[in-house]
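Participant: Okay, so here is structure.csv, and as you'll see once you scroll down, it has CSV, C-alpha atoms.
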chain,number,residue,atom,x,y,z
K,1,MET,CA,81.3,44.5,278.5
K,2,THR,CA,83.0,44.8,275.1
K,3,ALA,CA,81.1,47.1,272.7
K,4,PHE,CA,80.5,45.5,269.2
K,5,LEU,CA,79.5,46.8,265.8
K,6,PHE,CA,77.5,44.1,264.0
K,7,ASP,CA,76.9,43.5,260.3
K,8,GLY,CA,75.2,40.6,258.5
K,9,PRO,CA,72.4,38.2,259.3
K,10,GLU,CA,71.8,37.3,263.0
K,11,THR,CA,71.0,33.8,261.9
K,12,ALA,CA,74.3,33.3,260.1
K,13,PRO,CA,76.0,29.9,260.9
K,14,ILE,CA,79.4,31.5,261.1
K,15,THR,CA,80.4,34.7,262.9
K,16,VAL,CA,83.6,36.6,262.2
K,17,LEU,CA,85.1,38.6,265.0
K,18,LEU,CA,87.4,41.4,263.8
K,19,ALA,CA,89.8,43.7,265.7
K,20,HIS,CA,91.2,46.9,264.1
K,21,GLY,CA,94.8,47.8,263.1
K,22,ALA,CA,97.1,49.8,265.3
K,23,GLY,CA,96.2,53.3,264.0
K,24,ALA,CA,92.6,53.3,262.9
K,25,PRO,CA,89.3,52.5,264.7
K,26,MET,CA,86.9,49.6,264.1
K,27,ASP,CA,84.7,51.9,262.0
K,28,SER,CA,87.5,53.1,259.6
K,29,ALA,CA,86.6,53.1,255.9
K,30,SER,CA,88.6,49.9,255.2
K,31,MET,CA,87.2,48.0,258.2
K,32,THR,CA,83.7,49.0,257.4
K,33,ALA,CA,84.0,48.0,253.7
K,34,THR,CA,85.5,44.7,254.7
K,35,ALA,CA,82.8,43.9,257.2
K,36,LYS,CA,80.1,44.8,254.7
K,37,ALA,CA,81.7,42.5,252.1
K,38,LEU,CA,81.8,39.6,254.5
K,39,ALA,CA,78.3,40.3,255.6
K,40,GLU,CA,77.1,40.2,252.0
K,41,ALA,CA,78.7,36.8,251.7
K,42,GLY,CA,76.5,35.5,254.5
K,43,PHE,CA,78.7,36.0,257.6
K,44,ARG,CA,77.7,37.6,260.8
K,45,VAL,CA,80.5,40.1,261.4
K,46,ALA,CA,81.3,41.6,264.8
K,47,ARG,CA,83.9,44.4,265.2
K,48,PHE,CA,85.4,45.6,268.5
K,49,GLU,CA,88.1,48.0,269.8
K,50,PHE,CA,91.0,47.6,272.2
K,51,HIS,CA,90.8,49.9,275.2
K,52,TYR,CA,93.5,52.3,273.9
K,53,MET,CA,91.6,52.9,270.7
K,54,ALA,CA,88.2,53.2,272.4
K,55,ALA,CA,89.7,55.8,274.7
K,56,ARG,CA,90.5,58.0,271.7
K,57,ARG,CA,86.8,58.5,271.2
K,58,TYR,CA,86.8,60.4,274.5
K,59,GLY,CA,89.9,62.5,273.7
K,60,HIS,CA,92.5,60.3,275.2
K,61,ARG,CA,95.4,60.1,272.7
K,62,LYS,CA,96.9,56.8,273.7
K,63,PRO,CA,99.6,55.2,271.5
K,64,PRO,CA,99.2,51.6,270.4
K,65,PRO,CA,100.6,49.3,273.1
K,66,ARG,CA,102.7,46.3,272.5
K,67,ALA,CA,100.5,43.8,270.6
K,68,GLU,CA,100.9,41.0,273.1
K,69,THR,CA,99.7,43.2,276.0
K,70,VAL,CA,96.2,43.3,274.6
K,71,ASN,CA,95.8,39.5,274.2
K,72,PRO,CA,93.6,39.4,277.3
K,73,GLU,CA,91.3,42.0,275.8
K,74,TYR,CA,90.8,39.8,272.7
K,75,ILE,CA,90.0,36.7,274.9
K,76,LYS,CA,87.5,38.8,276.8
K,77,ALA,CA,85.9,40.0,273.6
K,78,ILE,CA,85.3,36.3,272.6
K,79,ALA,CA,83.6,35.7,276.0
K,80,ASP,CA,81.6,38.9,275.8
K,81,LEU,CA,80.4,38.0,272.2
K,82,ARG,CA,79.2,34.6,273.5
K,83,ALA,CA,77.6,36.3,276.5
K,84,LYS,CA,75.5,38.3,274.0
K,85,GLY,CA,74.0,35.1,272.7
K,86,VAL,CA,76.2,34.7,269.6
K,87,THR,CA,76.3,30.9,268.9
K,88,GLY,CA,77.7,28.7,266.2
K,89,ALA,CA,81.1,28.6,264.6
K,90,LEU,CA,83.4,31.5,265.4
K,91,ILE,CA,86.3,32.8,263.3
K,92,ILE,CA,88.6,35.4,264.9
K,93,GLY,CA,91.0,37.8,263.3
K,94,GLY,CA,91.4,41.4,262.3
K,95,LYS,CA,93.2,44.1,260.4
K,96,SER,CA,97.0,44.2,260.8
K,97,MET,CA,97.7,44.4,264.5
K,98,GLY,CA,94.2,43.0,265.3
K,99,GLY,CA,94.9,39.9,263.2
K,100,ARG,CA,98.3,39.6,264.9
K,101,VAL,CA,96.8,39.7,268.4
K,102,ALA,CA,94.2,37.1,267.3
K,103,SER,CA,97.0,34.9,266.0
K,104,MET,CA,98.7,34.9,269.4
K,105,ILE,CA,95.6,33.6,271.2
K,106,ALA,CA,94.3,31.4,268.4
K,107,ASP,CA,95.8,28.1,269.4
K,108,GLU,CA,94.7,28.4,273.0
K,109,MET,CA,91.1,29.2,271.9
K,110,PHE,CA,91.2,26.6,269.1
K,111,SER,CA,92.3,23.8,271.5
K,112,LYS,CA,89.4,24.7,273.8
K,113,GLY,CA,86.9,24.5,270.9
K,114,GLU,CA,86.1,28.2,271.2
K,115,ILE,CA,87.0,29.0,267.6
K,116,SER,CA,87.1,27.3,264.3
K,117,GLY,CA,89.8,29.5,262.5
K,118,LEU,CA,91.8,32.6,262.1
K,119,LEU,CA,91.3,35.3,259.5
K,120,CYS,CA,94.0,38.0,259.0
K,121,LEU,CA,93.7,41.1,256.8
K,122,GLY,CA,97.1,42.4,255.9
K,123,TYR,CA,99.3,40.6,258.5
K,124,PRO,CA,102.2,42.7,259.8
K,125,PHE,CA,105.0,40.2,259.2
K,126,HIS,CA,107.5,42.9,260.0
K,127,PRO,CA,107.6,46.7,260.5
K,128,PRO,CA,107.9,48.8,257.3
K,129,ALA,CA,111.5,49.1,256.1
K,130,LYS,CA,112.6,46.6,258.8
K,131,PRO,CA,112.4,43.2,257.0
K,132,THR,CA,114.6,41.4,259.5
K,133,GLN,CA,112.4,42.3,262.5
K,134,LEU,CA,110.0,39.3,261.9
K,135,ARG,CA,106.8,38.8,263.8
K,136,THR,CA,106.4,35.2,262.6
K,137,LYS,CA,108.0,33.0,265.3
K,138,HIS,CA,104.6,31.8,266.7
K,139,LEU,CA,103.3,31.2,263.1
K,140,ALA,CA,105.7,28.3,262.4
K,141,GLY,CA,103.8,25.9,264.8
K,142,LEU,CA,100.3,27.4,264.5
K,143,LYS,CA,97.6,24.6,264.7
K,144,THR,CA,94.6,26.8,264.0
K,145,PRO,CA,93.3,26.8,260.4
K,146,THR,CA,94.3,30.3,259.1
K,147,LEU,CA,93.6,32.4,256.1
K,148,ILE,CA,95.7,35.5,255.5
K,149,PHE,CA,94.8,38.1,252.9
K,150,GLN,CA,97.9,40.0,251.8
K,151,GLY,CA,98.4,42.7,249.2
K,152,THR,CA,101.4,41.9,246.9
K,153,ARG,CA,102.9,45.3,247.7
K,154,ASP,CA,102.2,45.4,251.4
K,155,GLU,CA,105.2,47.1,253.0
K,156,PHE,CA,104.6,44.9,256.1
K,157,GLY,CA,105.4,41.7,254.1
K,158,THR,CA,105.6,41.3,250.3
K,159,LYS,CA,105.0,38.2,248.3
K,160,ASP,CA,108.7,37.5,247.8
K,161,GLU,CA,109.5,38.0,251.5
K,162,VAL,CA,106.6,35.9,252.8
K,163,ALA,CA,107.7,33.0,250.5
K,164,THR,CA,110.9,32.7,252.6
K,165,TYR,CA,109.2,32.5,256.0
K,166,ASP,CA,108.7,29.3,258.0
K,167,LEU,CA,104.9,29.2,258.3
K,168,SER,CA,102.7,26.4,259.6
K,169,ASP,CA,101.0,24.3,256.9
K,170,ARG,CA,97.7,25.3,258.5
K,171,ILE,CA,98.2,28.8,257.1
K,172,GLU,CA,96.9,29.7,253.7
K,173,VAL,CA,97.9,33.1,252.1
K,174,LEU,CA,95.8,34.6,249.4
K,175,TRP,CA,97.5,37.3,247.5
K,176,LEU,CA,95.6,40.3,246.2
K,177,GLU,CA,97.2,41.8,243.2
K,178,ASP,CA,98.9,45.2,243.8
K,179,GLY,CA,97.1,45.5,247.2
K,180,ASP,CA,98.7,47.8,249.8
K,181,HIS,CA,98.5,47.2,253.6
K,182,ASP,CA,94.8,48.0,253.4
K,183,LEU,CA,94.5,45.5,250.5
K,184,LYS,CA,93.8,48.4,248.1
K,185,PRO,CA,95.1,48.2,244.6
K,186,ARG,CA,95.9,51.0,242.1
K,187,LYS,CA,93.3,50.5,239.5
K,188,SER,CA,95.3,52.3,236.8
K,189,ILE,CA,98.1,49.8,237.3
K,190,SER,CA,96.4,46.5,238.3
K,191,GLY,CA,93.0,46.9,236.6
K,192,PHE,CA,91.4,45.9,240.0
K,193,SER,CA,89.4,48.2,242.3
K,194,ALA,CA,89.2,47.9,246.1
K,195,ALA,CA,85.7,46.6,245.7
K,196,ASP,CA,86.9,43.8,243.3
K,197,HIS,CA,89.4,42.7,246.0
K,198,LEU,CA,86.8,42.7,248.7
K,199,LYS,CA,84.5,40.5,246.6
K,200,THR,CA,87.4,38.1,246.1
K,201,LEU,CA,88.2,38.2,249.8
K,202,ALA,CA,84.6,37.5,250.8
K,203,ARG,CA,84.2,34.6,248.3
K,204,ALA,CA,87.5,33.1,249.4
K,205,ALA,CA,86.6,33.4,253.1
K,206,LYS,CA,83.3,31.7,252.4
K,207,ALA,CA,84.9,28.8,250.6
K,208,TRP,CA,87.6,28.4,253.2
K,209,THR,CA,85.1,28.4,256.2
K,210,GLY,CA,83.1,25.8,254.3
K,211,ARG,CA,86.1,23.6,254.6
K,212,ILE,CA,87.2,24.3,258.1
K,213,ALA,CA,84.2,25.4,260.3
K,214,ARG,CA,82.9,23.0,262.8
Would you kindly transcribe this structure into structure tokens?

Facilitator:
Amino acid sequence: MTAFLFDGPETAPITVLLAHGAGAPMDSASMTATAKALAEAGFRVARFEFHYMAARRYGHRKPPPRAETVNPEYIKAIADLRAKGVTGALIIGGKSMGGRVASMIADEMFSKGEISGLLCLGYPFHPPAKPTQLRTKHLAGLKTPTLIFQGTRDEFGTKDEVATYDLSDRIEVLWLEDGDHDLKPRKSISGFSAADHLKTLARAAKAWTGRIAR
């Protein structure tokens, strides 16, 4: 059974399931802050870890696997979440690699009525300094309603780069000024704090789910 960390009200009509990025666990500072911001906006938030990351808690230093190889783990997490009695609309997603994995299973789950949408936090459009190695092919025909939060200086995909990609019209990208891959801005330059961006993120996610959740 998948182990989950929960935030937010148990009676929330919408649950957001989040997976972590390639290098940091589900209880990293940025994942925790994001989960708490979404919970304060009224979502039930569930976080989980892929096996390789969970194994690190027991001293097994496993490198991140190829993203597509953990697709079955994400599908199982959805089933395990439902088995725990979580009902209502479900949004899947995650931080960086977690969001990418969710995006690869989203249409299958959406077509079955298992999920209502996809929420990505800092999508890894390409590896840093390798702008031609795109991870966007499956995003061109995506049918699942999708919201991507991206920092304008994210080295995995900047605003100028993303503007040139062939993305499905079901995908909305919300840009967070001066945000890095963790969506964190430099306050001295942008005037925004990380907390400011998380409030914007939570408000936007609430408005978006109000339009798409079923």

Participant: Go ahead and compute the interatomic distance for CA of Val173 in chain K and CA of Pro131 in chain K, in Å to one decimal.

Facilitator: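 For CA of Val173 in chain K relative to CA of Pro131 in chain K, the distance reads 18.3 Å.
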
Participant: Go through K:Arg47, K:Arg203, K:Arg135, K:His197 one by one, measure the shortest atom-to-atom distance of each to Ala35 in chain K using only C-alpha atoms, and give the residue with the smallest value.

Facilitator: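 Between K:Arg47, K:Arg203, K:Arg135, K:His197, the residue approaching Ala35 in chain K most closely is K:Arg47.
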
Participant: List the neighbours of range 115-124 of chain K out to 8 Å using only C-alpha atoms; skip same-chain residues closer than 3 positions along the sequence, and give me the result as a ChimeraX atom specification.

Facilitator: /K:89-97,99-100,102-103,106,109-110,112,127,135,144-151,154,156-157,181-183,209,212-214

Participant: Taking into account all atoms listed in the file, which residue in the set K:Lys76, K:Lys184, K:Glu10, K:Thr2 is nearest to Leu201 in chain K?

Facilitator: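 Ranking K:Lys76, K:Lys184, K:Glu10, K:Thr2 by distance to Leu201 in chain K, first place goes to K:Lys184.
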
Participant: Pick from K:Arg44, K:Lys159, K:Lys143, K:Lys36: nearest to Ala12 in chain K, with only C-alpha atoms counted?

Facilitator: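 Answer, going by the shortest atom-to-atom distance: K:Arg44.
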
Participant: Rank nothing, just name the residue among K:Phe4, K:Lys199, K:Arg170, K:Phe192 nearest to Ile78 in chain K, using only C-alpha atoms.

Facilitator: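 Looking only at the distances to Ile78 in chain K, the closest residue turns out to be K:Phe4.
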
Participant: Can you patch up range 187-206 of chain K, filling it in to N, CA, C and O atoms, and show the result as a PDB file, in the frame of the given file?

Facilitator:
ATOM      1  N   LYS K 187      94.050  50.978 240.618  1.00  0.00           N
ATOM      2  CA  LYS K 187      93.300  50.500 239.500  1.00  0.00           C
ATOM      3  C   LYS K 187      93.977  50.741 238.157  1.00  0.00           C
ATOM      4  O   LYS K 187      93.953  49.909 237.246  1.00  0.00           O
ATOM      5  N   SER K 188      94.613  51.910 238.037  1.00  0.00           N
ATOM      6  CA  SER K 188      95.300  52.300 236.800  1.00  0.00           C
ATOM      7  C   SER K 188      96.412  51.322 236.446  1.00  0.00           C
ATOM      8  O   SER K 188      96.781  51.140 235.289  1.00  0.00           O
ATOM      9  N   ILE K 189      96.980  50.684 237.483  1.00  0.00           N
ATOM     10  CA  ILE K 189      98.100  49.800 237.300  1.00  0.00           C
ATOM     11  C   ILE K 189      97.665  48.323 237.235  1.00  0.00           C
ATOM     12  O   ILE K 189      98.089  47.557 236.366  1.00  0.00           O
ATOM     13  N   SER K 190      96.775  47.950 238.154  1.00  0.00           N
ATOM     14  CA  SER K 190      96.400  46.500 238.300  1.00  0.00           C
ATOM     15  C   SER K 190      95.139  46.159 237.504  1.00  0.00           C
ATOM     16  O   SER K 190      94.932  44.992 237.175  1.00  0.00           O
ATOM     17  N   GLY K 191      94.280  47.174 237.253  1.00  0.00           N
ATOM     18  CA  GLY K 191      93.000  46.900 236.600  1.00  0.00           C
ATOM     19  C   GLY K 191      91.932  46.472 237.653  1.00  0.00           C
ATOM     20  O   GLY K 191      90.753  46.310 237.320  1.00  0.00           O
ATOM     21  N   PHE K 192      92.346  46.311 238.933  1.00  0.00           N
ATOM     22  CA  PHE K 192      91.400  45.900 240.000  1.00  0.00           C
ATOM     23  C   PHE K 192      91.036  47.153 240.833  1.00  0.00           C
ATOM     24  O   PHE K 192      91.861  48.044 241.056  1.00  0.00           O
ATOM     25  N   SER K 193      89.808  47.146 241.338  1.00  0.00           N
ATOM     26  CA  SER K 193      89.400  48.200 242.300  1.00  0.00           C
ATOM     27  C   SER K 193      89.403  47.553 243.698  1.00  0.00           C
ATOM     28  O   SER K 193      89.467  46.323 243.848  1.00  0.00           O
ATOM     29  N   ALA K 194      89.316  48.402 244.714  1.00  0.00           N
ATOM     30  CA  ALA K 194      89.200  47.900 246.100  1.00  0.00           C
ATOM     31  C   ALA K 194      88.003  47.004 246.244  1.00  0.00           C
ATOM     32  O   ALA K 194      88.043  45.960 246.920  1.00  0.00           O
ATOM     33  N   ALA K 195      86.899  47.390 245.597  1.00  0.00           N
ATOM     34  CA  ALA K 195      85.700  46.600 245.700  1.00  0.00           C
ATOM     35  C   ALA K 195      85.864  45.209 245.063  1.00  0.00           C
ATOM     36  O   ALA K 195      85.343  44.204 245.574  1.00  0.00           O
ATOM     37  N   ASP K 196      86.622  45.148 243.958  1.00  0.00           N
ATOM     38  CA  ASP K 196      86.900  43.800 243.300  1.00  0.00           C
ATOM     39  C   ASP K 196      87.630  42.930 244.336  1.00  0.00           C
ATOM     40  O   ASP K 196      87.289  41.748 244.480  1.00  0.00           O
ATOM     41  N   HIS K 197      88.649  43.483 245.009  1.00  0.00           N
ATOM     42  CA  HIS K 197      89.400  42.700 246.000  1.00  0.00           C
ATOM     43  C   HIS K 197      88.569  42.244 247.145  1.00  0.00           C
ATOM     44  O   HIS K 197      88.735  41.128 247.654  1.00  0.00           O
ATOM     45  N   LEU K 198      87.664  43.105 247.585  1.00  0.00           N
ATOM     46  CA  LEU K 198      86.800  42.700 248.700  1.00  0.00           C
ATOM     47  C   LEU K 198      85.845  41.611 248.324  1.00  0.00           C
ATOM     48  O   LEU K 198      85.549  40.728 249.132  1.00  0.00           O
ATOM     49  N   LYS K 199      85.383  41.625 247.076  1.00  0.00           N
ATOM     50  CA  LYS K 199      84.500  40.500 246.600  1.00  0.00           C
ATOM     51  C   LYS K 199      85.306  39.223 246.574  1.00  0.00           C
ATOM     52  O   LYS K 199      84.808  38.170 246.985  1.00  0.00           O
ATOM     53  N   THR K 200      86.535  39.291 246.089  1.00  0.00           N
ATOM     54  CA  THR K 200      87.400  38.100 246.100  1.00  0.00           C
ATOM     55  C   THR K 200      87.647  37.601 247.484  1.00  0.00           C
ATOM     56  O   THR K 200      87.576  36.392 247.753  1.00  0.00           O
ATOM     57  N   LEU K 201      87.928  38.534 248.389  1.00  0.00           N
ATOM     58  CA  LEU K 201      88.200  38.200 249.800  1.00  0.00           C
ATOM     59  C   LEU K 201      86.970  37.486 250.397  1.00  0.00           C
ATOM     60  O   LEU K 201      87.105  36.427 251.023  1.00  0.00           O
ATOM     61  N   ALA K 202      85.784  38.052 250.196  1.00  0.00           N
ATOM     62  CA  ALA K 202      84.600  37.500 250.800  1.00  0.00           C
ATOM     63  C   ALA K 202      84.285  36.093 250.235  1.00  0.00           C
ATOM     64  O   ALA K 202      83.933  35.167 250.980  1.00  0.00           O
ATOM     65  N   ARG K 203      84.450  35.937 248.917  1.00  0.00           N
ATOM     66  CA  ARG K 203      84.200  34.600 248.300  1.00  0.00           C
ATOM     67  C   ARG K 203      85.194  33.583 248.802  1.00  0.00           C
ATOM     68  O   ARG K 203      84.813  32.453 249.110  1.00  0.00           O
ATOM     69  N   ALA K 204      86.460  33.987 248.894  1.00  0.00           N
ATOM     70  CA  ALA K 204      87.500  33.100 249.400  1.00  0.00           C
ATOM     71  C   ALA K 204      87.273  32.688 250.824  1.00  0.00           C
ATOM     72  O   ALA K 204      87.456  31.527 251.223  1.00  0.00           O
ATOM     73  N   ALA K 205      86.875  33.656 251.637  1.00  0.00           N
ATOM     74  CA  ALA K 205      86.600  33.400 253.100  1.00  0.00           C
ATOM     75  C   ALA K 205      85.437  32.417 253.194  1.00  0.00           C
ATOM     76  O   ALA K 205      85.453  31.514 254.042  1.00  0.00           O
ATOM     77  N   LYS K 206      84.431  32.584 252.343  1.00  0.00           N
ATOM     78  CA  LYS K 206      83.300  31.700 252.400  1.00  0.00           C
ATOM     79  C   LYS K 206      83.671  30.260 252.021  1.00  0.00           C
ATOM     80  O   LYS K 206      83.277  29.306 252.704  1.00  0.00           O
TER      81      LYS K 206
END
